[in-house]
>>> print(open('start_28.pdb').read())   # PDB, C-alpha atoms
ATOM      1  CA  MET P   1      22.929 -97.090-108.851
ATOM      2  CA  LEU P   2      23.764 -97.475-112.539
ATOM      3  CA  ALA P   3      26.991 -99.267-111.663
ATOM      4  CA  SER P   4      24.840-102.099-110.326
ATOM      5  CA  LEU P   5      23.777-102.868-113.907
ATOM      6  CA  ILE P   6      27.396-103.550-114.893
ATOM      7  CA  ASN P   7      29.141-106.852-114.134
ATOM      8  CA  VAL P   8      26.083-108.359-112.473
ATOM      9  CA  PRO P   9      24.315-111.635-113.227
ATOM     10  CA  THR P  10      21.660-111.483-115.918
ATOM     11  CA  GLY P  11      18.942-112.365-113.440
ATOM     12  CA  ILE P  12      19.721-109.238-111.418
ATOM     13  CA  GLY P  13      20.250-106.832-114.316
ATOM     14  CA  TYR P  14      16.757-107.242-115.750
ATOM     15  CA  PRO P  15      14.920-106.585-112.452
ATOM     16  CA  LEU P  16      17.087-103.509-111.838
ATOM     17  CA  LEU P  17      16.226-102.186-115.307
ATOM     18  CA  PHE P  18      12.517-102.714-114.660
ATOM     19  CA  ALA P  19      12.734-101.039-111.252
ATOM     20  CA  PHE P  20      14.580 -97.945-112.526
ATOM     21  CA  VAL P  21      12.331 -97.380-115.558
ATOM     22  CA  ALA P  22       9.089 -98.054-113.670
ATOM     23  CA  ALA P  23      10.089 -95.809-110.766
ATOM     24  CA  GLU P  24      11.025 -92.908-113.043
ATOM     25  CA  SER P  25       7.819 -93.312-115.029
ATOM     26  CA  ALA P  26       5.801 -93.214-111.794
ATOM     27  CA  GLY P  27       7.422 -89.896-110.849
ATOM     28  CA  ALA P  28      10.561 -90.829-108.905
ATOM     29  CA  LEU P  29      13.787 -88.968-109.650
ATOM     30  CA  VAL P  30      15.848 -91.981-110.713
ATOM     31  CA  PRO P  31      17.829 -92.521-113.968
ATOM     32  CA  GLY P  32      15.320 -94.682-115.816
ATOM     33  CA  GLU P  33      16.300 -93.776-119.370
ATOM     34  CA  THR P  34      19.997 -93.948-118.566
ATOM     35  CA  SER P  35      19.532 -97.440-117.176
ATOM     36  CA  LEU P  36      17.902 -98.426-120.484
ATOM     37  CA  ILE P  37      20.867 -96.972-122.372
ATOM     38  CA  VAL P  38      23.365 -98.859-120.205
ATOM     39  CA  ALA P  39      21.395-102.119-120.427
ATOM     40  CA  ALA P  40      21.117-101.863-124.224
ATOM     41  CA  ALA P  41      24.855-101.160-124.499
ATOM     42  CA  LEU P  42      25.550-104.231-122.358
ATOM     43  CA  ALA P  43      23.328-106.192-124.733
ATOM     44  CA  GLY P  44      25.692-105.109-127.519
ATOM     45  CA  GLN P  45      28.496-106.808-125.582
ATOM     46  CA  GLY P  46      26.476-109.994-125.183
ATOM     47  CA  THR P  47      25.833-109.530-121.464
ATOM     48  CA  LEU P  48      22.078-109.010-121.853
ATOM     49  CA  SER P  49      19.508-109.718-124.565
ATOM     50  CA  LEU P  50      18.427-106.627-126.532
ATOM     51  CA  PRO P  51      14.860-107.830-127.304
ATOM     52  CA  LEU P  52      14.381-108.654-123.629
ATOM     53  CA  VAL P  53      15.855-105.296-122.558
ATOM     54  CA  ILE P  54      13.443-103.438-124.857
ATOM     55  CA  ALA P  55      10.457-105.529-123.752
ATOM     56  CA  ILE P  56      11.227-105.044-120.057
ATOM     57  CA  ALA P  57      11.810-101.296-120.454
ATOM     58  CA  ALA P  58       8.576-100.870-122.427
ATOM     59  CA  GLY P  59       6.569-102.871-119.896
ATOM     60  CA  ALA P  60       8.108-100.985-116.985
ATOM     61  CA  ALA P  61       7.349 -97.634-118.640
ATOM     62  CA  ILE P  62       3.708 -98.582-119.168
ATOM     63  CA  VAL P  63       3.278 -99.911-115.621
ATOM     64  CA  GLY P  64       5.045 -96.939-114.040
ATOM     65  CA  ASP P  65       3.089 -94.387-116.039
ATOM     66  CA  ASN P  66      -0.201 -95.969-115.011
ATOM     67  CA  VAL P  67       0.872 -95.841-111.374
ATOM     68  CA  GLY P  68       1.669 -92.154-111.878
ATOM     69  CA  TYR P  69      -1.740 -91.643-113.507
ATOM     70  CA  VAL P  70      -3.471 -93.104-110.435
ATOM     71  CA  ILE P  71      -1.335 -90.952-108.129
ATOM     72  CA  GLY P  72      -2.260 -87.852-110.088
ATOM     73  CA  ARG P  73      -5.961 -88.659-110.291
ATOM     74  CA  ARG P  74      -6.431 -89.651-106.649
ATOM     75  CA  GLY P  75      -3.675 -87.818-104.827
ATOM     76  CA  LEU P  76      -2.651 -84.715-106.742
ATOM     77  CA  ARG P  77      -6.233 -83.934-107.716
ATOM     78  CA  ARG P  78      -7.329 -83.954-104.067
ATOM     79  CA  LEU P  79      -4.558 -81.542-103.154
ATOM     80  CA  VAL P  80      -5.543 -79.211-105.976
ATOM     81  CA  ASP P  81      -9.267 -79.347-105.125
ATOM     82  CA  ARG P  82      -8.638 -78.755-101.427
ATOM     83  CA  PRO P  83     -10.334 -75.572-100.179
ATOM     84  CA  GLY P  84      -8.092 -72.815 -98.960
ATOM     85  CA  ARG P  85      -6.653 -69.436 -99.646
ATOM     86  CA  TRP P  86      -5.580 -70.176-103.214
ATOM     87  CA  ALA P  87      -8.515 -72.438-104.107
ATOM     88  CA  ALA P  88      -9.812 -70.162-106.881
ATOM     89  CA  GLY P  89      -6.412 -69.966-108.553
ATOM     90  CA  ARG P  90      -5.933 -73.736-108.315
ATOM     91  CA  ARG P  91      -9.350 -74.349-109.853
ATOM     92  CA  GLN P  92      -8.454 -72.054-112.726
ATOM     93  CA  LEU P  93      -5.224 -73.972-113.314
ATOM     94  CA  VAL P  94      -7.124 -77.246-113.246
ATOM     95  CA  GLU P  95      -9.628 -75.990-115.804
ATOM     96  CA  ARG P  96      -6.806 -74.898-118.089
ATOM     97  CA  GLY P  97      -5.095 -78.235-117.603
ATOM     98  CA  GLU P  98      -8.247 -80.180-118.425
ATOM     99  CA  GLU P  99      -8.752 -78.099-121.544
ATOM    100  CA  PHE P 100      -5.140 -78.673-122.583
ATOM    101  CA  PHE P 101      -5.291 -82.446-122.093
ATOM    102  CA  ALA P 102      -8.630 -82.590-123.894
ATOM    103  CA  ARG P 103      -7.006 -80.998-126.947
ATOM    104  CA  HIS P 104      -3.350 -82.068-126.747
ATOM    105  CA  GLY P 105      -3.336 -84.944-124.262
ATOM    106  CA  SER P 106      -2.514 -87.690-126.757
ATOM    107  CA  PRO P 107       0.652 -86.117-128.274
ATOM    108  CA  THR P 108       1.731 -84.890-124.838
ATOM    109  CA  VAL P 109       1.593 -88.402-123.381
ATOM    110  CA  PHE P 110       3.320 -89.880-126.435
ATOM    111  CA  PHE P 111       6.132 -87.357-126.990
ATOM    112  CA  GLY P 112       6.572 -86.643-123.294
ATOM    113  CA  ARG P 113       8.247 -90.037-123.018
ATOM    114  CA  TRP P 114      11.354 -88.590-124.757
ATOM    115  CA  LEU P 115      11.581 -85.406-122.671
ATOM    116  CA  PRO P 116      13.512 -85.860-119.393
ATOM    117  CA  GLY P 117      11.552 -83.396-117.260
ATOM    118  CA  LEU P 118       8.149 -84.043-118.812
ATOM    119  CA  ARG P 119       8.613 -87.802-118.674
ATOM    120  CA  VAL P 120       8.489 -87.742-114.869
ATOM    121  CA  VAL P 121       5.313 -85.646-114.469
ATOM    122  CA  THR P 122       3.200 -86.309-117.576
ATOM    123  CA  SER P 123       1.305 -89.234-116.057
ATOM    124  CA  TRP P 124       0.640 -87.236-112.858
ATOM    125  CA  LEU P 125      -0.734 -84.310-114.837
ATOM    126  CA  ALA P 126      -2.827 -86.557-117.083
ATOM    127  CA  GLY P 127      -4.413 -88.143-114.020
ATOM    128  CA  ALA P 128      -4.932 -84.881-112.161
ATOM    129  CA  ASP P 129      -6.545 -83.285-115.223
ATOM    130  CA  ARG P 130      -8.739 -86.351-115.696
ATOM    131  CA  MET P 131      -7.621 -87.402-119.136
ATOM    132  CA  PRO P 132      -9.743 -90.457-120.042
ATOM    133  CA  TRP P 133      -7.825 -93.512-118.860
ATOM    134  CA  ARG P 134      -8.416 -95.579-121.999
ATOM    135  CA  ARG P 135      -7.016 -92.832-124.215
ATOM    136  CA  PHE P 136      -4.120 -92.371-121.812
ATOM    137  CA  LEU P 137      -3.424 -96.116-121.827
ATOM    138  CA  VAL P 138      -3.326 -96.323-125.627
ATOM    139  CA  TRP P 139      -0.972 -93.382-126.171
ATOM    140  CA  ASN P 140       1.090 -94.268-123.123
ATOM    141  CA  ALA P 141       1.604 -97.803-124.428
ATOM    142  CA  LEU P 142       2.511 -96.536-127.898
ATOM    143  CA  GLY P 143       4.948 -94.037-126.419
ATOM    144  CA  GLY P 144       6.506 -96.556-124.025
ATOM    145  CA  ILE P 145       7.042 -99.204-126.699
ATOM    146  CA  THR P 146       8.383 -96.747-129.278
ATOM    147  CA  TRP P 147      10.648 -95.066-126.716
ATOM    148  CA  ALA P 148      12.123 -98.341-125.503
ATOM    149  CA  ALA P 149      12.669 -99.598-129.053
ATOM    150  CA  THR P 150      14.297 -96.442-130.432
ATOM    151  CA  ILE P 151      16.477 -95.583-127.427
ATOM    152  CA  GLY P 152      17.393 -99.231-126.871
ATOM    153  CA  ALA P 153      18.311 -99.875-130.506
ATOM    154  CA  LEU P 154      20.327 -96.663-130.749
ATOM    155  CA  ALA P 155      22.209 -97.428-127.532
ATOM    156  CA  HIS P 156      22.883-100.956-128.750
ATOM    157  CA  VAL P 157      24.472 -99.703-131.967
ATOM    158  CA  VAL P 158      26.303 -96.645-130.702
ATOM    159  CA  GLY P 159      27.083 -97.690-127.133
ATOM    160  CA  ARG P 160      29.155-100.756-128.027
ATOM    161  CA  SER P 161      31.502 -98.719-130.216
ATOM    162  CA  ALA P 162      32.176 -95.795-127.862
ATOM    163  CA  ALA P 163      31.310 -95.550-124.197
ATOM    164  CA  GLY P 164      31.348 -91.782-124.414
ATOM    165  CA  SER P 165      28.463 -91.888-126.842
ATOM    166  CA  LEU P 166      26.062 -93.251-124.222
ATOM    167  CA  GLY P 167      25.339 -89.895-122.686
ATOM    168  CA  ALA P 168      24.660 -88.338-126.072
ATOM    169  CA  ILE P 169      21.867 -90.787-126.879
ATOM    170  CA  GLY P 170      19.451 -89.192-124.432
ATOM    171  CA  PHE P 171      20.173 -85.762-125.906
ATOM    172  CA  ILE P 172      19.582 -87.117-129.417
ATOM    173  CA  GLY P 173      16.176 -88.433-128.368
ATOM    174  CA  LEU P 174      15.418 -85.104-126.709
ATOM    175  CA  GLY P 175      16.400 -83.213-129.853
ATOM    176  CA  VAL P 176      14.248 -85.390-132.099
ATOM    177  CA  ALA P 177      11.219 -85.025-129.824
ATOM    178  CA  ALA P 178      11.726 -81.268-129.553
ATOM    179  CA  LEU P 179      12.015 -80.963-133.354
ATOM    180  CA  VAL P 180       8.790 -82.908-133.911
ATOM    181  CA  TYR P 181       6.994 -80.836-131.276
ATOM    182  CA  LEU P 182       8.231 -77.600-132.881
ATOM    183  CA  ILE P 183       7.059 -78.691-136.327
ATOM    184  CA  VAL P 184       3.601 -79.574-134.971
ATOM    185  CA  ARG P 185       3.331 -76.225-133.171
ATOM    186  CA  ILE P 186       4.340 -74.250-136.272
ATOM    187  CA  ARG P 187       1.912 -76.196-138.439
ATOM    188  CA  ARG P 188      -0.978 -75.555-136.030
ATOM    189  CA  HIS P 189      -0.065 -71.894-135.793
ATOM    190  CA  ILE P 190      -0.156 -71.576-139.586
ATOM    191  CA  GLN P 191      -3.497 -73.396-139.775
ATOM    192  CA  ALA P 192      -4.955 -71.163-137.046
ATOM    193  CA  GLY P 193      -3.775 -68.086-138.930
ATOM    194  CA  ARG P 194      -5.495 -69.244-142.088
ATOM    195  CA  LYS P 195      -8.789 -69.898-140.293
ATOM    196  CA  SER P 196      -8.884 -66.601-138.373
ATOM    197  CA  PRO P 197     -10.493 -63.662-140.198
ATOM    198  CA  SER P 198      -8.025 -61.165-141.560
ATOM    199  CA  ARG P 199      -7.850 -57.847-139.802
ATOM    200  CA  ARG P 200      -8.188 -54.835-142.011
ATOM    201  CA  THR P 201      -7.479 -51.262-141.089
ATOM    202  CA  PRO P 202     -10.697 -49.233-141.354
ATOM    203  CA  ARG P 203     -10.592 -46.627-144.079
ATOM    204  CA  ARG P 204     -11.150 -43.018-143.220
ATOM    205  CA  ALA P 205     -14.254 -41.384-144.598
ATOM    206  CA  PRO P 206     -13.457 -38.746-147.215
ATOM    207  CA  GLY P 207     -13.458 -35.263-145.726
TER
END
>>> encode(input="start_28.pdb", output="structure tokens")
Amino acid sequence: MLASLINVPTGIGYPLLFAFVAAESAGALVPGETSLIVAAALAGQGTLSLPLVIAIAAGAAIVGDNVGYVIGRRGLRRLVDRPGRWAAGRRQLVERGEEFFARHGSPTVFFGRWLPGLRVVTSWLAGADRMPWRRFLVWNALGGITWAATIGALAHVVGRSAAGSLGAIGFIGLGVAALVYLIVRIRRHIQAGRKSPSRRTPRRAPG
């Protein structure tokens, strides 16, 4: 499928980029980010326009994620709430998910855009766990625009100098996102440790 982005008319390349990114964002297992990398590298060769590639990828990511949100809220939620043998366990998972998205939904939606596995399912989970749509839309838009700009610009610079560097760009984005997530987790763990009362070993009464 990615080969179709190479040596094709400009009018076809842009729709293909939108389709791949939007489909992946909605939950389909297609190479959305890789198509952005290839399109941005082609922009470095003058085949496509980088600003237009970034704008199309960002718009496709936002549209696709909102489709995934609707699928999760209307479809996945109904499957989870369906009565049956494991209904109690599913309800417990839903409650935990709603609590998680209430506390960490915004950074999850934003940083999930850079994580290959999480990028496909974040919008589904946000919808199923009933994250407020307006908050989802804001952080989804910020994540989609930032993701398209950073990955697109990096692919534009690196991809035109070495074709073998294209595959490494996705791993670089993954590493940066993972590092930021790790720093946030460590910081919260330290803050939680400071707030929790210190445990002291009870002293033995003198005999």
>>> atom_distance(input="start_28.pdb", atom1="atom CA of P:Ala141", atom2="atom CA of P:Ala41")
23.5 Å
>>> atom_distance(input="start_28.pdb", atom1="atom CA of P:Arg113", atom2="atom CA of P:Gly46")
27.1 Å
>>> closest_residue(input="start_28.pdb", among="P:Gly72, P:Gly59, P:Pro107, P:Pro51", to="P:Val121", atoms="only C-alpha atoms")
P:Gly72
>>> residues_around(input="start_28.pdb", residues="P:Leu118", least_positions_apart="4", cutoff="12 Å", atoms="only C-alpha atoms", output="ChimeraX atom specification")
/P:24-27,29,65,108-114,122-126,174,177-178
>>> atom_distance(input="start_28.pdb", atom1="atom CA of P:Ala60", atom2="atom CA of P:Ala102")
25.8 Å
>>> residues_around(input="start_28.pdb", residues="P:Ala148", least_positions_apart="6", cutoff="6 Å", atoms="all atoms listed in the file", output="PyMOL selection string")
chain P and resi 54+57-58
>>> resolve_selection(input="start_28.pdb", expression="the PyMOL selection byres ((chain P and resi 70) around 12)", output="PDB file with C-alpha atoms, keeping the file's coordinate frame")
ATOM      1  CA  ALA P  26       5.801 -93.214-111.794  1.00  0.00           C
ATOM      2  CA  GLY P  27       7.422 -89.896-110.849  1.00  0.00           C
ATOM      3  CA  VAL P  63       3.278 -99.911-115.621  1.00  0.00           C
ATOM      4  CA  GLY P  64       5.045 -96.939-114.040  1.00  0.00           C
ATOM      5  CA  ASP P  65       3.089 -94.387-116.039  1.00  0.00           C
ATOM      6  CA  ASN P  66      -0.201 -95.969-115.011  1.00  0.00           C
ATOM      7  CA  VAL P  67       0.872 -95.841-111.374  1.00  0.00           C
ATOM      8  CA  GLY P  68       1.669 -92.154-111.878  1.00  0.00           C
ATOM      9  CA  TYR P  69      -1.740 -91.643-113.507  1.00  0.00           C
ATOM     10  CA  ILE P  71      -1.335 -90.952-108.129  1.00  0.00           C
ATOM     11  CA  GLY P  72      -2.260 -87.852-110.088  1.00  0.00           C
ATOM     12  CA  ARG P  73      -5.961 -88.659-110.291  1.00  0.00           C
ATOM     13  CA  ARG P  74      -6.431 -89.651-106.649  1.00  0.00           C
ATOM     14  CA  GLY P  75      -3.675 -87.818-104.827  1.00  0.00           C
ATOM     15  CA  LEU P  76      -2.651 -84.715-106.742  1.00  0.00           C
ATOM     16  CA  ARG P  77      -6.233 -83.934-107.716  1.00  0.00           C
ATOM     17  CA  ARG P  78      -7.329 -83.954-104.067  1.00  0.00           C
ATOM     18  CA  THR P 122       3.200 -86.309-117.576  1.00  0.00           C
ATOM     19  CA  SER P 123       1.305 -89.234-116.057  1.00  0.00           C
ATOM     20  CA  TRP P 124       0.640 -87.236-112.858  1.00  0.00           C
ATOM     21  CA  LEU P 125      -0.734 -84.310-114.837  1.00  0.00           C
ATOM     22  CA  ALA P 126      -2.827 -86.557-117.083  1.00  0.00           C
ATOM     23  CA  GLY P 127      -4.413 -88.143-114.020  1.00  0.00           C
ATOM     24  CA  ALA P 128      -4.932 -84.881-112.161  1.00  0.00           C
ATOM     25  CA  ASP P 129      -6.545 -83.285-115.223  1.00  0.00           C
ATOM     26  CA  ARG P 130      -8.739 -86.351-115.696  1.00  0.00           C
ATOM     27  CA  MET P 131      -7.621 -87.402-119.136  1.00  0.00           C
ATOM     28  CA  PRO P 132      -9.743 -90.457-120.042  1.00  0.00           C
ATOM     29  CA  TRP P 133      -7.825 -93.512-118.860  1.00  0.00           C
ATOM     30  CA  PHE P 136      -4.120 -92.371-121.812  1.00  0.00           C
ATOM     31  CA  LEU P 137      -3.424 -96.116-121.827  1.00  0.00           C
TER      32      LEU P 137
END
>>> closest_residue(input="start_28.pdb", among="P:Leu52, P:Gly144, P:Ala149, P:Val138", to="P:Pro15", atoms="only C-alpha atoms")
P:Leu52
